[in-house]
Every structure is written in structure tokens, then in C-alpha cells.
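Q: Just dropping this structure here.
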Amino acid sequence: MNFEDLSTLRPDLAFIAHWVPKGAHVLDVGCGDGAMLSYLHSEK
């Protein structure tokens with residue numbers, strides 16, 4: 001998933017994901033459908 005896909009699917013999460021720096025560690029507590037985590041895993 002790339003940023004355009006995330007922006008189309010969930011613009012609210014794309015806004016948040018934009019602020020996560022490359023190489024950051026992220027704790028996912030299992031809320032939602034996993035779209036943001038998929039993007040973060042593949043792109044950040």
C-alpha cells in the first residue's frame with residue numbers, strides 16, 4: 001500500500017501516518033482494519 005492508496009481509503013489515517021518518521025517503532029493496539037499499519041510497514 002502506498003500513500004495515495006491510504007489517502008483514498010482513509011484520509012484521516014493518512015494525515016496521522018504522514019507524521020510518523022521513517023524507521024520509527026509503532027505499537028498497533030488492533031483498532032481498525034489494519035490499513036495504516038500496512039502502509040507503515042511497507043513504506044516507513
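Going by the C-alpha cells order, chains are called A, B, ..., each with residues numbered from 1, while ligands are numbered from 1 in the order shown.
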What's around Ala35 (chain A) at 8 Å? Count only C-alpha atoms, leave out sequence neighbours fewer than 4 positions away in its own chain, and write the answer as a PDB file with all heavy atoms, in the first residue's frame.
A:
```pdb
ATOM      1  N   LEU A   6      -3.608   4.829   0.757  1.00  0.00           N
ATOM      2  CA  LEU A   6      -4.061   5.126   2.114  1.00  0.00           C
ATOM      3  C   LEU A   6      -4.896   6.398   2.137  1.00  0.00           C
ATOM      4  O   LEU A   6      -5.923   6.456   2.806  1.00  0.00           O
ATOM      5  CB  LEU A   6      -2.871   5.254   3.067  1.00  0.00           C
ATOM      6  CG  LEU A   6      -3.211   5.479   4.534  1.00  0.00           C
ATOM      7  CD1 LEU A   6      -3.998   4.303   5.102  1.00  0.00           C
ATOM      8  CD2 LEU A   6      -1.947   5.715   5.350  1.00  0.00           C
ATOM      9  N   ARG A  10      -8.418   5.902   3.594  1.00  0.00           N
ATOM     10  CA  ARG A  10      -8.610   6.507   4.916  1.00  0.00           C
ATOM     11  C   ARG A  10      -7.826   7.808   5.029  1.00  0.00           C
ATOM     12  O   ARG A  10      -6.696   7.825   5.518  1.00  0.00           O
ATOM     13  CB  ARG A  10      -8.138   5.545   6.011  1.00  0.00           C
ATOM     14  CG  ARG A  10      -8.935   4.277   6.190  1.00  0.00           C
ATOM     15  CD  ARG A  10     -10.315   4.521   6.796  1.00  0.00           C
ATOM     16  NE  ARG A  10     -10.290   5.286   8.021  1.00  0.00           N
ATOM     17  CZ  ARG A  10     -10.251   4.763   9.249  1.00  0.00           C
ATOM     18  NH1 ARG A  10     -10.233   3.470   9.401  1.00  0.00           N
ATOM     19  NH2 ARG A  10     -10.244   5.541  10.306  1.00  0.00           N
ATOM     20  N   TYR A  39       0.387   0.297   5.488  1.00  0.00           N
ATOM     21  CA  TYR A  39       1.148   1.380   4.863  1.00  0.00           C
ATOM     22  C   TYR A  39       2.467   1.613   5.597  1.00  0.00           C
ATOM     23  O   TYR A  39       3.524   1.691   4.982  1.00  0.00           O
ATOM     24  CB  TYR A  39       0.336   2.681   4.827  1.00  0.00           C
ATOM     25  CG  TYR A  39       1.197   3.882   4.532  1.00  0.00           C
ATOM     26  CD1 TYR A  39       1.676   4.091   3.252  1.00  0.00           C
ATOM     27  CD2 TYR A  39       1.567   4.766   5.528  1.00  0.00           C
ATOM     28  CE1 TYR A  39       2.509   5.176   2.973  1.00  0.00           C
ATOM     29  CE2 TYR A  39       2.379   5.845   5.262  1.00  0.00           C
ATOM     30  CZ  TYR A  39       2.846   6.048   3.985  1.00  0.00           C
ATOM     31  OH  TYR A  39       3.684   7.106   3.719  1.00  0.00           O
TER      32      TYR A  39
END
```
Q: Do you know which residues are at most 12 Å from Val20 (chain A) counting only C-alpha atoms, after dropping those on the same chain fewer than 2 positions away, and could you put them as a list in words?
A: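 That gives Leu13, Ala14, Phe15, Ile16, Ala17, His18, Lys22, Gly23, Ala24, His25, Val26, Leu27, Met36, Leu37, Tyr39, Leu40, His41, Glu43 and Lys44 of chain A.
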Q: Please, which residues of chain A, numbered as in this document, come out alpha helix (DSSP H) from DSSP, as a ChimeraX atom specification?
A: /A:3-9,11-17,35-43
